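What follows is one structure encoded as structure tokens, with my remarks underneath.
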Amino acid sequence: ICRAMLPLALLALHTPSACALPTGHVVRGSTPPRRTVIGAAAAAASLSLMRSPLAANAKDRITGYSQQRNWESTLTSGQYYILRQGGTEPPNSSPLAKEKRAGTFVCAGCGTPLFASDQKFESGTGWPSYAKGLEGVETVSSVAALLLGSELRCGGCGGHLGDVFNDGMLFPGTPAALTGKRYCIDGAALLFIPADGSAPTSGDGLTKPRYARPEDVEMPNWLKPPKVA
């Protein structure tokens, strides 16, 4: 099951709990294409699309994007995996999935504003979801968009953000029901800038934290020096 299968799951089960996708959806390092097709017929159609000249000539993430850096040195491993390698994070791995404060979500790579907090809604998928993007969000057109969704990129640096699907009407009472869109985003691609001026929050839930100071490391008792009376 992938992000694109959510609408059919909802229609088949007729229950809000169907919004949640099974755990273990993504294993980092062996992530399947997120826009997987449902059923044998859809899979065959997808395979033919992937082999088409349009797919082969897909726009790269550098040409035409003005904001470029030495990404391997400026991004965390989780951010690099999503933004520059087009990966998919596991659901519920990003701290931004439950972020509800007012503010702006910007690109973790170049700082381009991407999403306003008033367009964020709870989709039940485990990924940060939005009804629409700001001008900095680029949609990469595809002949498979109606079936598989379209890739989203940062218009500043070309970084991969996630996918947009035309199933917003399945989320009544949310901004997505008005736009008809669901912007399904990998949180590691984002930084959240709170409107109250407090510190930004990284959406990267993939990179293991590193200890900045020796005192941050909890040593076992048998390694601790004896206390001086």
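Order determines the names: the first chain of the structure tokens is A, the second B, and so forth; residues in each chain are numbered 1 upward, and ligands are numbered 1 upward as they are shown.
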Residues within 9 Å of Thr139 in chain A, please, as an MDAnalysis selection string. Count only C-alpha atoms; anything in the same chain fewer than 5 positions from it doesn't count.
chainID A and resid 150:155 163:164
What's around Pro194 in chain A at 10 Å? Count only C-alpha atoms, leave out sequence neighbours fewer than 2 positions away in its own chain, and write the answer as a ChimeraX atom specification.
/A:100-105,117,191-192,196-201
Skipping near chain neighbours, those fewer than 2 positions away, what residues fall within 9 Å of Leu161 in chain A using only C-alpha atoms, listed as a VMD selection string?
chain A and resid 82 to 83 86 107 137 151 to 154 158 to 159 163 184 to 190
Tell me, which residues of range 103-203 of chain A carry DSSP strand (DSSP E), written as a PyMOL selection string?
chain A and resi 103-107+113-116+120-121+129-130+137-140+150-154+160-165+182-185+190-194+201-202
Just want the 9 Å neighbourhood of Arg69 in chain A, counted on only C-alpha atoms, with same-chain residues fewer than 3 positions away dropped. Output as an MDAnalysis selection string.
chainID A and resid 72:74 109:110 157
